[in-house]
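First the structure, in the form of structure tokens, and then the observations on it.
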Amino acid sequence: MNIDLTRRKLLLAGVTGSALALCSLPARTMAQLTPTPAQSSGPFYPLQLPQDDDNDLVSFDGSNTPAKGEITHLTGQVVDVDGLPVANARVEIWQCDANGRYRHPWDENSAALDPNFQGHGSYQCSEDGRYRFRTIRPVAYPGRTPHIHFAISGPGFEPLVTQMYVSGEPLNDKDFILNNVHPELRQNVLVDLVKTQRPDEWSGHFRIVLAADGSLQKR
Ligand SMILES: [Fe+2]
């Protein structure tokens, strides 16, 4: 999008410079999507990626015992601001296990580490930008509402690090990172998890919008 052009149109329509300054979001045309807001990567991105780093975090290193937690089928699509797929995007996720513990040496949580939870997974999208993960429903840990960390990259686009949250979680209102997202964009990082036909399994869809290289994406 040509942001300068949009700004000029607003000025021609009588919106003053000071009024523009009050808007913390870049102006976009009606048809365009707002890039998914960037958020902190946090301290627990793996120091070393697991050898088993596929998109099934519930099954780890060939163990026959599944990870603890409620299985969650997470799907989504990586798109640009026009809603078109970002071909060949790469999506990474990482999160704590069902005990609230990250597979990371800096996590001081005394909870036992679930040896069967992969903790990090990745997915290489094809032309359609779609991805899928089998993981666990995220849980809260001290100081944070349930969330899943995401890192996304695509050729020709700004790499994005963000976090996904679950709609309706009671701690969402108190989470300092979620509440640091602009109120108008908060909905863009919240996902409805719905029960599947299998008992205690969930599914959700998280669309990720990437900005083209050089665009305004950071909050
Ligand atoms: Fe986290």
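By convention here, the chains of the structure tokens are called A, B, ... in the order presented, each chain's residues are numbered starting at 1, and ligands are numbered starting at 1 in the order presented.
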Counting only C-alpha atoms, which residues of stretch 44-89 of chain A sit at most 9 Å from some atom of stretch 150-154 of chain A, and what is each one's closest atom pair with its distance in Å to one decimal, listed by chain and rising residue number, as a tab-separated table?
residue	atom	partner	partner_atom	distance
A:Val78	CA	A:Ile152	CA	8.4
A:Val86	CA	A:Gly154	CA	6.5
A:Ala87	CA	A:Gly154	CA	7.2
A:Asn88	CA	A:Gly154	CA	6.3
A:Ala89	CA	A:Gly154	CA	4.2
Test item: residues no farther than 12 Å from ligand 1, counting only C-alpha atoms and all ligand atoms, as a PyMOL selection string: chain A and resi 39-46+93-97+100-104+107+119-120+138-150+162-165+175-178
DSSP helix (DSSP H, G or I) selection over chain A, as a list in words: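 Everything in chain A that counts as helix (DSSP H, G or I) is Ile3, Asp4, Leu5, Thr6, Arg7, Arg8, Lys9, Leu10, Leu11, Leu12, Gly17, Ser18, Ala19, Leu20, Ala21, Leu22, Asn172, Asp173, Lys174, Leu178, Asn179, Asn180, Arg186, Gln187, Asn188 and Val189 of chain A.
Among the candidates A:Asp52, A:Glu70, A:Asp61, A:Glu158, the residue lying nearest to A:Arg134 is A:Glu70 (atoms considered: only C-alpha atoms).
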Pairwise distance for atom CA of A:Gly214 and atom CA of A:Pro155, rounded to one decimal in Å: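 These two atoms are separated by 12.8 Å.
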Shell around A:Arg198 at 12 Å using only C-alpha atoms, local window under 2 positions removed, as a ChimeraX atom specification: /A:70-73,194-196,200-203
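Every protein, DNA or RNA residue with an atom at most 10 Å from A:Thr65, where only C-alpha atoms count and chain neighbours fewer than 4 positions away do not, is listed here: Val58, Ser59, Phe60, Pro115, Asn116 and Phe117 of chain A.
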Between atom CA of A:Gly62 and atom CA of A:Leu49, distance in Å (one decimal):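 Atom CA of A:Leu49 lies at a distance of 16.2 Å from atom CA of A:Gly62.
Reported to one decimal place, the separation of atom CA of A:Thr75 from atom CA of A:Val166 is 13.8 Å.
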Counting only C-alpha atoms, the residue of A:Val209, A:Leu33, A:Leu113, A:Ala67 that sits nearest A:Val161: A:Val209
Residue list (strand (DSSP E), DSSP) for stretch 168-211 of chain A, as a PyMOL selection string: chain A and resi 190-191+194-195+202-205+208-209
